[in-house]
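Below is coords-v8.txt, which holds compact mmCIF, C-alpha atoms and all ligand atoms.
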# COMPACT_ATOMS: atom_id res chain seq x y z
CA GLU A 1 86.91 121.26 111.05
CA ALA A 2 89.67 123.46 112.40
CA PHE A 3 92.65 121.97 114.21
CA LYS A 4 93.93 123.73 117.29
CA ARG A 5 97.58 122.94 116.90
CA ALA A 6 99.59 121.40 114.06
CA LEU A 7 103.21 120.81 113.17
CA VAL A 8 104.35 121.30 109.58
CA THR A 9 107.79 119.84 108.90
CA GLY A 10 109.31 121.60 105.92
CA GLY A 11 106.88 124.46 106.55
CA ALA A 12 109.26 127.08 105.16
CA GLY A 13 109.40 125.21 101.87
CA PHE A 14 107.28 125.51 98.77
CA ILE A 15 104.33 123.24 99.60
CA GLY A 16 104.71 123.45 103.39
CA SER A 17 104.44 127.24 103.43
CA HIS A 18 101.22 127.25 101.39
CA LEU A 19 99.83 124.57 103.70
CA THR A 20 100.79 126.68 106.70
CA ASP A 21 99.00 129.70 105.19
CA ALA A 22 95.78 127.68 104.89
CA LEU A 23 96.03 126.26 108.42
CA VAL A 24 96.67 129.69 109.93
CA GLU A 25 93.75 131.08 107.97
CA ASN A 26 91.56 128.35 109.50
CA GLY A 27 92.59 129.45 112.98
CA CYS A 28 95.14 126.74 113.64
CA ARG A 29 98.28 127.45 115.66
CA VAL A 30 101.16 126.11 113.55
CA THR A 31 104.67 125.16 114.50
CA ILE A 32 107.06 124.95 111.58
CA LEU A 33 110.16 122.78 111.79
CA ASP A 34 112.52 123.52 108.92
CA ASN A 35 116.29 123.36 108.52
CA LEU A 36 116.16 125.87 105.65
CA SER A 37 118.16 123.54 103.40
CA THR A 38 115.75 124.30 100.59
CA GLY A 39 113.10 126.31 102.45
CA HIS A 40 113.31 130.08 102.87
CA ARG A 41 112.34 132.45 105.63
CA SER A 42 110.87 134.70 102.94
CA ASN A 43 108.16 132.06 102.34
CA ILE A 44 106.79 132.56 105.85
CA GLU A 45 107.84 136.11 106.73
CA HIS A 46 104.32 137.41 106.05
CA LEU A 47 102.98 135.20 108.85
CA GLY A 48 105.03 137.03 111.47
CA ASP A 49 104.37 135.76 114.97
CA ARG A 50 101.16 134.01 113.95
CA ILE A 51 103.34 130.90 113.67
CA ASP A 52 106.10 129.34 115.77
CA PHE A 53 109.15 128.83 113.59
CA VAL A 54 111.76 126.38 114.79
CA HIS A 55 114.99 126.26 112.82
CA GLY A 56 116.02 122.63 113.06
CA ASP A 57 116.27 119.23 111.52
CA ILE A 58 113.87 116.25 111.40
CA ARG A 59 116.79 113.99 112.26
CA ASP A 60 116.97 115.65 115.71
CA ALA A 61 114.88 113.36 117.95
CA GLU A 62 114.93 115.64 121.02
CA LEU A 63 113.84 118.62 119.02
CA LEU A 64 111.02 116.60 117.46
CA ASP A 65 109.75 115.60 120.91
CA ARG A 66 109.53 119.28 121.74
CA VAL A 67 107.76 120.45 118.59
CA VAL A 68 105.15 117.68 118.36
CA GLU A 69 103.98 118.29 121.92
CA GLY A 70 100.32 119.23 122.02
CA CYS A 71 99.80 118.78 118.26
CA GLU A 72 96.69 116.93 117.04
CA VAL A 73 98.02 116.58 113.54
CA VAL A 74 101.43 116.62 111.89
CA PHE A 75 101.98 117.40 108.22
CA HIS A 76 105.30 115.84 107.27
CA GLN A 77 106.54 117.75 104.23
CA ALA A 78 110.27 117.98 104.97
CA ALA A 79 112.46 115.97 102.61
CA VAL A 80 115.27 116.03 100.11
CA VAL A 81 112.80 116.47 97.24
CA SER A 82 115.05 116.10 94.23
CA VAL A 83 115.28 112.80 92.38
CA THR A 84 118.64 113.87 90.93
CA GLN A 85 120.06 114.78 94.31
CA SER A 86 119.09 111.34 95.63
CA VAL A 87 120.87 109.73 92.67
CA GLU A 88 124.01 111.76 93.35
CA ASP A 89 124.03 111.23 97.11
CA PRO A 90 121.89 108.25 98.16
CA PRO A 91 123.06 108.09 101.79
CA HIS A 92 122.24 111.72 102.49
CA SER A 93 118.75 111.55 101.01
CA CYS A 94 118.22 108.25 102.84
CA GLU A 95 119.09 109.83 106.18
CA VAL A 96 116.69 112.70 105.67
CA ASN A 97 113.87 110.95 103.85
CA ASP A 98 113.89 107.64 105.71
CA LEU A 99 115.53 108.11 109.08
CA GLY A 100 113.98 111.58 109.37
CA THR A 101 110.53 110.18 108.58
CA VAL A 102 110.89 107.37 111.12
CA ARG A 103 111.92 109.92 113.74
CA VAL A 104 108.89 112.07 112.94
CA LEU A 105 106.56 109.06 113.19
CA ASP A 106 108.22 107.92 116.39
CA ALA A 107 107.89 111.31 118.06
CA CYS A 108 104.24 111.37 117.02
CA ARG A 109 103.31 107.98 118.42
CA ARG A 110 105.07 108.71 121.71
CA SER A 111 103.45 112.10 122.18
CA GLY A 112 99.93 110.98 121.27
CA VAL A 113 99.53 112.89 118.01
CA ARG A 114 96.28 111.72 116.44
CA ARG A 115 97.18 111.81 112.77
CA VAL A 116 100.19 112.26 110.49
CA VAL A 117 99.73 113.31 106.87
CA MET A 118 102.83 112.46 104.88
CA ALA A 119 104.11 113.73 101.56
CA SER A 120 104.81 110.76 99.33
CA SER A 121 105.43 110.83 95.61
CA SER A 122 104.24 109.54 92.28
CA ALA A 123 107.88 108.53 91.84
CA VAL A 124 106.99 105.27 93.66
CA TYR A 125 105.24 104.04 90.48
CA GLY A 126 108.44 104.18 88.44
CA ASP A 127 108.14 103.36 84.77
CA ASP A 128 105.19 101.00 84.90
CA PRO A 129 103.81 101.52 81.37
CA ARG A 130 100.22 101.26 82.57
CA LEU A 131 98.61 104.69 82.63
CA PRO A 132 97.09 106.39 84.49
CA LYS A 133 98.85 105.34 87.69
CA ALA A 134 96.49 104.04 90.34
CA GLU A 135 97.14 103.24 93.98
CA TYR A 136 96.50 99.51 93.58
CA MET A 137 99.39 99.13 91.11
CA ALA A 138 102.57 97.53 92.41
CA PRO A 139 105.22 100.17 93.08
CA MET A 140 108.41 100.08 91.00
CA PRO A 141 110.74 102.64 92.55
CA LEU A 142 113.65 103.54 90.21
CA SER A 143 115.62 106.10 92.21
CA PRO A 144 116.80 106.27 95.82
CA TYR A 145 114.25 109.05 96.25
CA ALA A 146 111.41 106.78 95.10
CA VAL A 147 112.63 103.95 97.34
CA GLN A 148 112.73 106.34 100.28
CA LYS A 149 109.24 107.69 99.70
CA LEU A 150 107.86 104.17 99.38
CA THR A 151 109.69 103.10 102.53
CA GLY A 152 108.13 106.05 104.32
CA GLU A 153 104.69 104.80 103.29
CA TYR A 154 105.46 101.34 104.65
CA TYR A 155 106.65 102.81 107.95
CA ALA A 156 103.47 104.88 108.15
CA SER A 157 101.35 101.78 107.65
CA ALA A 158 103.37 99.79 110.21
CA PHE A 159 103.08 102.59 112.79
CA GLY A 160 99.32 102.54 112.26
CA ARG A 161 99.10 98.84 112.98
CA LEU A 162 101.65 98.74 115.78
CA TYR A 163 100.80 101.88 117.70
CA GLY A 164 97.42 103.03 116.42
CA LEU A 165 98.90 106.21 114.94
CA GLU A 166 96.61 107.37 112.12
CA THR A 167 98.59 108.02 108.96
CA VAL A 168 97.67 109.21 105.48
CA CYS A 169 100.16 109.20 102.61
CA LEU A 170 99.65 111.54 99.67
CA ARG A 171 101.43 110.63 96.46
CA TYR A 172 102.06 114.04 94.96
CA PHE A 173 102.46 114.18 91.22
CA ASN A 174 104.35 117.24 89.89
CA VAL A 175 103.43 120.14 92.12
CA PHE A 176 103.94 123.70 90.86
CA GLY A 177 103.12 127.26 91.82
CA PRO A 178 104.47 130.39 93.49
CA ARG A 179 107.42 129.94 95.91
CA GLN A 180 108.83 126.93 94.10
CA ASP A 181 112.50 127.82 94.19
CA PRO A 182 113.95 128.04 90.68
CA SER A 183 117.53 128.68 91.77
CA SER A 184 118.96 125.19 92.03
CA PRO A 185 119.70 122.68 89.29
CA TYR A 186 117.37 120.37 91.25
CA SER A 187 114.39 122.69 91.01
CA GLY A 188 111.04 121.69 89.55
CA VAL A 189 110.82 122.09 85.79
CA ILE A 190 108.05 124.70 85.83
CA SER A 191 109.94 126.99 88.18
CA ILE A 192 113.01 126.71 85.94
CA PHE A 193 111.09 127.24 82.68
CA MET A 194 109.20 130.21 84.16
CA THR A 195 112.39 131.91 85.25
CA LYS A 196 113.94 131.34 81.83
CA ALA A 197 110.85 132.67 80.09
CA ALA A 198 110.79 135.78 82.28
CA ALA A 199 114.46 136.40 81.42
CA GLY A 200 113.91 135.73 77.71
CA GLN A 201 116.26 132.75 77.77
CA ALA A 202 115.89 129.26 76.33
CA PRO A 203 115.70 126.33 78.76
CA THR A 204 117.37 122.95 78.36
CA ILE A 205 115.10 119.97 77.88
CA TYR A 206 116.63 116.73 79.13
CA GLY A 207 115.99 114.00 76.60
CA ASP A 208 113.66 114.42 73.64
CA GLY A 209 110.98 116.38 75.50
CA GLY A 210 108.44 113.63 74.89
CA GLN A 211 108.32 112.66 78.59
CA THR A 212 105.03 113.53 80.23
CA ARG A 213 104.07 114.82 83.69
CA ASP A 214 100.86 115.52 85.58
CA PHE A 215 101.26 119.04 86.99
CA VAL A 216 99.05 119.96 89.93
CA TYR A 217 98.75 123.46 91.40
CA VAL A 218 100.02 123.89 94.94
CA LYS A 219 96.73 125.22 96.34
CA ASP A 220 95.00 122.04 95.22
CA VAL A 221 97.67 120.01 97.01
CA VAL A 222 96.96 122.04 100.15
CA ARG A 223 93.26 121.20 99.89
CA ALA A 224 94.12 117.52 99.55
CA ASN A 225 96.20 117.75 102.74
CA LEU A 226 93.35 119.35 104.67
CA ALA A 227 90.94 116.66 103.50
CA ALA A 228 93.46 113.95 104.44
CA ALA A 229 93.83 115.43 107.92
CA GLY A 230 90.17 116.06 108.56
CA ARG A 231 88.27 113.12 107.18
CA ALA A 232 87.90 109.94 109.22
CA GLU A 233 87.88 107.71 106.11
CA ALA A 234 91.40 108.81 105.17
CA ALA A 235 93.17 107.04 108.05
CA GLY A 236 95.56 104.31 106.97
CA ARG A 237 95.22 105.14 103.31
CA VAL A 238 97.39 106.18 100.36
CA PHE A 239 96.04 108.64 97.77
CA ASN A 240 97.28 110.06 94.50
CA VAL A 241 97.23 113.85 94.31
CA GLY A 242 97.37 115.05 90.72
CA ARG A 243 95.19 116.70 88.14
CA GLY A 244 94.62 113.50 86.20
CA GLU A 245 95.97 115.04 82.99
CA SER A 246 99.48 115.16 81.61
CA ILE A 247 101.51 117.25 79.20
CA ARG A 248 104.77 116.63 77.35
CA ILE A 249 107.73 118.65 78.63
CA SER A 250 108.28 120.12 75.14
CA GLU A 251 104.65 121.26 75.03
CA LEU A 252 104.96 122.67 78.51
CA TRP A 253 107.70 124.99 77.27
CA ASP A 254 105.53 126.04 74.31
CA LEU A 255 102.63 126.81 76.65
CA ILE A 256 104.80 128.81 79.04
CA GLY A 257 106.23 130.71 76.07
CA GLU A 258 102.73 131.48 74.86
CA ILE A 259 101.65 132.78 78.28
CA ALA A 260 104.85 134.79 78.71
CA GLY A 261 104.57 136.10 75.16
CA ILE A 262 107.88 134.78 73.87
CA GLU A 263 108.83 132.21 71.27
CA LEU A 264 112.21 130.59 71.77
CA PRO A 265 113.31 127.11 70.73
CA PRO A 266 114.65 125.14 73.71
CA ALA A 267 118.08 123.53 73.88
CA PHE A 268 118.22 119.76 74.29
CA GLY A 269 120.57 117.83 76.59
CA PRO A 270 121.02 114.19 77.54
CA PRO A 271 118.17 112.55 79.49
CA ARG A 272 118.48 112.61 83.26
CA PRO A 273 119.43 109.35 84.98
CA GLY A 274 116.56 108.04 87.09
CA ASP A 275 114.00 110.08 85.16
CA ILE A 276 110.74 108.33 84.46
CA ARG A 277 109.09 108.58 81.06
CA ASP A 278 105.38 109.05 81.59
CA SER A 279 103.37 110.09 84.58
CA VAL A 280 99.66 110.77 84.97
CA ALA A 281 97.48 110.20 88.01
CA ASP A 282 94.30 108.24 88.36
CA ILE A 283 92.51 110.49 90.84
CA GLY A 284 89.42 108.35 91.20
CA THR A 285 90.25 107.17 94.72
CA ILE A 286 90.73 110.58 96.30
CA ARG A 287 87.73 111.90 94.38
CA ARG A 288 85.46 109.15 95.68
CA GLU A 289 86.75 108.79 99.20
CA LEU A 290 87.77 112.31 100.17
CA ALA A 291 85.48 114.22 97.78
CA PHE A 292 88.57 115.95 96.45
CA ALA A 293 88.84 117.37 92.95
CA PRO A 294 91.53 119.71 91.61
CA GLU A 295 90.19 123.20 90.92
CA VAL A 296 93.05 124.97 89.17
CA GLY A 297 93.80 124.16 85.53
CA LEU A 298 97.32 124.09 84.10
CA ARG A 299 97.07 127.35 82.15
CA GLN A 300 95.43 129.15 85.07
CA GLY A 301 98.09 127.85 87.46
CA LEU A 302 100.89 128.85 85.10
CA GLU A 303 99.45 132.37 84.85
CA LYS A 304 99.36 132.69 88.64
CA THR A 305 102.90 131.37 88.86
CA LEU A 306 104.22 133.71 86.18
CA ALA A 307 102.71 136.66 88.04
CA TRP A 308 104.81 135.66 91.06
CA VAL A 309 108.14 135.05 89.26
C1 LIG A 401 109.24 115.83 90.66
C2 LIG A 401 109.58 116.33 92.05
C3 LIG A 401 109.64 115.21 93.01
C4 LIG A 401 108.31 114.51 92.95
C5 LIG A 401 108.06 114.01 91.54
C6 LIG A 401 106.72 113.36 91.40
C7 LIG A 401 110.80 118.41 91.95
C8 LIG A 401 112.11 119.08 92.00
N1 LIG A 401 110.83 117.07 92.03
O1 LIG A 401 110.27 115.04 90.09
O2 LIG A 401 109.88 115.66 94.31
O3 LIG A 401 108.29 113.45 93.84
O4 LIG A 401 108.05 115.11 90.67
O5 LIG A 401 106.56 112.92 90.07
O6 LIG A 401 109.76 119.03 91.84
N2 LIG A 401 113.36 118.80 82.97
C9 LIG A 401 113.91 119.39 81.85
N3 LIG A 401 114.63 120.55 82.00
C10 LIG A 401 114.84 121.13 83.22
C11 LIG A 401 114.28 120.50 84.38
C12 LIG A 401 113.55 119.33 84.20
O7 LIG A 401 113.76 118.90 80.74
O8 LIG A 401 115.49 122.18 83.30
C13 LIG A 401 112.57 117.57 82.81
C14 LIG A 401 113.11 116.42 83.63
O9 LIG A 401 114.12 115.72 82.97
C15 LIG A 401 111.85 115.59 83.86
C16 LIG A 401 110.73 116.64 83.88
O10 LIG A 401 111.27 117.81 83.28
O11 LIG A 401 111.65 114.69 82.80
C17 LIG A 401 110.26 116.96 85.27
O12 LIG A 401 111.39 117.21 86.07
P1 LIG A 401 111.26 117.74 87.58
O13 LIG A 401 110.47 118.98 87.62
O14 LIG A 401 112.62 117.77 88.16
O15 LIG A 401 110.33 116.66 88.27
P2 LIG A 401 110.46 115.08 88.51
O16 LIG A 401 111.80 114.55 88.22
O17 LIG A 401 109.28 114.49 87.81

Just dump the structure as structure tokens.
Ligand code: UD1
Amino acid sequence: EAFKRALVTGGAGFIGSHLTDALVENGCRVTILDNLSTGHRSNIEHLGDRIDFVHGDIRDAELLDRVVEGCEVVFHQAAVVSVTQSVEDPPHSCEVNDLGTVRVLDACRRSGVRRVVMASSSAVYGDDPRLPKAEYMAPMPLSPYAVQKLTGEYYASAFGRLYGLETVCLRYFNVFGPRQDPSSPYSGVISIFMTKAAAGQAPTIYGDGGQTRDFVYVKDVVRANLAAAGRAEAAGRVFNVGRGESIRISELWDLIGEIAGIELPPAFGPPRPGDIRDSVADIGTIRRELAFAPEVGLRQGLEKTLAWV
């Protein structure tokens, strides 16, 4: 089912730009709203004038009214995505992740958008020792970022009940792939490790390296978004998006080294405040209800990512 017109907030970012590629390929006219705080024009340059790029901020209500007009579906991907950044500056991440999200939802309900698919996070589960993490488990947000993502889910649900706006929240686990920006200290661990490996340098592991993450390839996350937007059963729901398998951070470095053909012992630093210990998704719900299954394995995804770095 192709959409005629969609808005992707954060569409110049890592996940948003891959999502935009898929939508455009399906014949959808896409408007991107991005303030380029962490997104890059280079992520969308190849799309030329097949998209409408609007350089602006999700906190700008008037601008939102303009860009949602005529859209059937909105993919809300814009956010301050770093846990660490939210720990260092809670008010800023709160403004973007919470107020920005409420403004996006509000513009959508007023303009008659049918459905909003929102990027949430596995961070909402916190350090609940029960694994794998399933949607029915009580959230235990540990960082401002996690609180903000959970709040966004609650707003989505309230907007559904109050205004009939269809919303779907996707709890992304650790997404990786080409275009994930390695250049900031807040970048995703795979993008940082890949860049180090390509340069023949050792990375720093925060903590003992025994913490685990469920890494899911960006193209699979795109497919989950399309299913969430297209399938009637998804409305009003929250779904995990992961691979359902985890790896220790120390083993991740070993695997990247193996693929890159280098062997370098990592440096170790103090654990990061707000970091969670273990994370792995139960993907039974999305599998059953949206017929979604991840297709790209970790090694395969790492190889594709290394080819891009
Ligand atoms: C990531 C996402 C967040 C998402 C969450 C879902 C990024 C930047 N953040 O947070 O948006 O909601 O997953 O689970 O992608 N590490 C090192 N050395 C490094 C960098 C990281 O040891 O140089 C460790 C971290 O301490 C952490 C793990 O690797 O234990 C993963 O870190 P990171 O990629 O930043 O992801 P999350 O904090 O899990």

Original post:
Using only C-alpha atoms, can you list as a PyMOL selection string the residues within 12 Å of (99.2, 120.7, 96.3)?
Top reply: chain A and resi 14-19+22+77+119-121+170-178+180+215-227+240-243+292-296+301

**OP:** Counting only C-alpha atoms, figure out which residue out of A:Pro144, A:Pro182, A:Gly209, A:Gly13 gets nearest to Asn35 in chain A.
**Re:**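 Checking each of A:Pro144, A:Pro182, A:Gly209, A:Gly13 against Asn35 in chain A, counting only C-alpha atoms, the winner is A:Gly13.
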
Protein and nucleic residues near ligand LIG 401 (chain A), 6 Å, all atoms listed in the file, as a PDB file with C-alpha atoms, in the coordinates of the input:
ATOM      1  CA  VAL A  81     112.800 116.470  97.240  1.00  0.00           C
ATOM      2  CA  SER A  82     115.050 116.100  94.230  1.00  0.00           C
ATOM      3  CA  VAL A  83     115.280 112.800  92.380  1.00  0.00           C
ATOM      4  CA  SER A 121     105.430 110.830  95.610  1.00  0.00           C
ATOM      5  CA  SER A 122     104.240 109.540  92.280  1.00  0.00           C
ATOM      6  CA  ALA A 123     107.880 108.530  91.840  1.00  0.00           C
ATOM      7  CA  TYR A 172     102.060 114.040  94.960  1.00  0.00           C
ATOM      8  CA  PHE A 173     102.460 114.180  91.220  1.00  0.00           C
ATOM      9  CA  ASN A 174     104.350 117.240  89.890  1.00  0.00           C
ATOM     10  CA  TYR A 186     117.370 120.370  91.250  1.00  0.00           C
ATOM     11  CA  SER A 187     114.390 122.690  91.010  1.00  0.00           C
ATOM     12  CA  GLY A 188     111.040 121.690  89.550  1.00  0.00           C
ATOM     13  CA  VAL A 189     110.820 122.090  85.790  1.00  0.00           C
ATOM     14  CA  ILE A 192     113.010 126.710  85.940  1.00  0.00           C
ATOM     15  CA  THR A 204     117.370 122.950  78.360  1.00  0.00           C
ATOM     16  CA  ILE A 205     115.100 119.970  77.880  1.00  0.00           C
ATOM     17  CA  TYR A 206     116.630 116.730  79.130  1.00  0.00           C
ATOM     18  CA  GLN A 211     108.320 112.660  78.590  1.00  0.00           C
ATOM     19  CA  ILE A 249     107.730 118.650  78.630  1.00  0.00           C
ATOM     20  CA  ARG A 272     118.480 112.610  83.260  1.00  0.00           C
ATOM     21  CA  ASP A 275     114.000 110.080  85.160  1.00  0.00           C
TER      22      ASP A 275
END

**OP:** Name the closest residue to Val68 in chain A among the candidates A:Ser157, A:Ser183, A:Thr9, A:Thr101; distances are taken between atoms, counting all atoms listed in the file.
**Re:** A:Thr9

Subject >> Atomic separation - CA of Gln85 in chain A relative to CA of Ile256 in chain A, Å >> reply: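 Taking CA of Ile256 in chain A and CA of Gln85 in chain A, their separation equals 25.7 Å.
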
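Closest approach to Glu69 in chain A among A:Gly27, A:Gly112, A:Gly39, A:Gly160 is made by A:Gly112 (distances from only C-alpha atoms).
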
Original post:
With distances taken over only C-alpha atoms, which of A:Arg287, A:Lys149, A:Arg114, A:Arg109 is nearest to Asn97 in chain A?
Top reply: A:Lys149

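Distance check against Phe193 in chain A using all atoms listed in the file: of A:Ser246, A:Thr305, A:Thr167, A:Ser86, the minimum falls on A:Thr305.
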
**OP:** Have a look at A:Phe75, A:Ala232, A:Ala61, A:Ala107 and name the one nearest to Thr20 in chain A; count all atoms listed in the file.
**Re:** A:Phe75

Subject >> Between CA of Arg237 in chain A and CA of Pro132 in chain A, distance in Å (one decimal) >> reply: 19.0 Å

**OP:** Kindly give the distance, in Å, that separates CA of Pro270 in chain A and CA of Val87 in chain A, rounded to a single decimal.
**Re:** 15.8 Å

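Residues with any atom within 12 Å of Glu263 in chain A, counting all atoms listed in the file and excluding same-chain neighbours fewer than 5 positions away, are Lys196, Ala197, Ala198, Gly200, Gln201, Ala202, Pro203, Trp253, Asp254, Leu255, Ile256, Gly257 and Glu258 of chain A.
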
Subject >> Distance query Thr212 in chain A at most 7 Å, all atoms listed in the file, self and fewer than 2 positions along chain excluded, as a list of chain:residue names >> reply: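 Skipping anything fewer than 2 positions along the chain leaves A:Gly210, A:Ser246, A:Ile247, A:Arg248, A:Ile249, A:Arg277, A:Asp278, A:Ser279.
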
Written selection (C-alpha atoms) as an mmCIF file, in the frame of the given file:
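Dumped to part_22.cif:
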data_model
loop_
_atom_site.group_PDB
_atom_site.id
_atom_site.type_symbol
_atom_site.label_atom_id
_atom_site.label_comp_id
_atom_site.auth_asym_id
_atom_site.auth_seq_id
_atom_site.Cartn_x
_atom_site.Cartn_y
_atom_site.Cartn_z
ATOM 1 C CA GLY A 210 108.440 113.630 74.890
ATOM 2 C CA SER A 246 99.480 115.160 81.610
ATOM 3 C CA ILE A 247 101.510 117.250 79.200
ATOM 4 C CA ARG A 248 104.770 116.630 77.350
ATOM 5 C CA ILE A 249 107.730 118.650 78.630
ATOM 6 C CA ARG A 277 109.090 108.580 81.060
ATOM 7 C CA ASP A 278 105.380 109.050 81.590
ATOM 8 C CA SER A 279 103.370 110.090 84.580
#

Report as a PDB file with C-alpha atoms, in the coordinates of the input all protein, DNA and RNA residues lying within 9 Å of Arg115 in chain A, evaluated on only C-alpha atoms, omitting residues in the same chain fewer than 4 positions from it.
ATOM      1  CA  GLU A  72      96.690 116.930 117.040  1.00  0.00           C
ATOM      2  CA  VAL A  73      98.020 116.580 113.540  1.00  0.00           C
ATOM      3  CA  VAL A  74     101.430 116.620 111.890  1.00  0.00           C
ATOM      4  CA  PHE A  75     101.980 117.400 108.220  1.00  0.00           C
ATOM      5  CA  CYS A 108     104.240 111.370 117.020  1.00  0.00           C
ATOM      6  CA  LEU A 165      98.900 106.210 114.940  1.00  0.00           C
ATOM      7  CA  GLU A 166      96.610 107.370 112.120  1.00  0.00           C
ATOM      8  CA  THR A 167      98.590 108.020 108.960  1.00  0.00           C
ATOM      9  CA  VAL A 168      97.670 109.210 105.480  1.00  0.00           C
ATOM     10  CA  ALA A 229      93.830 115.430 107.920  1.00  0.00           C
ATOM     11  CA  ALA A 235      93.170 107.040 108.050  1.00  0.00           C
TER      12      ALA A 235
END
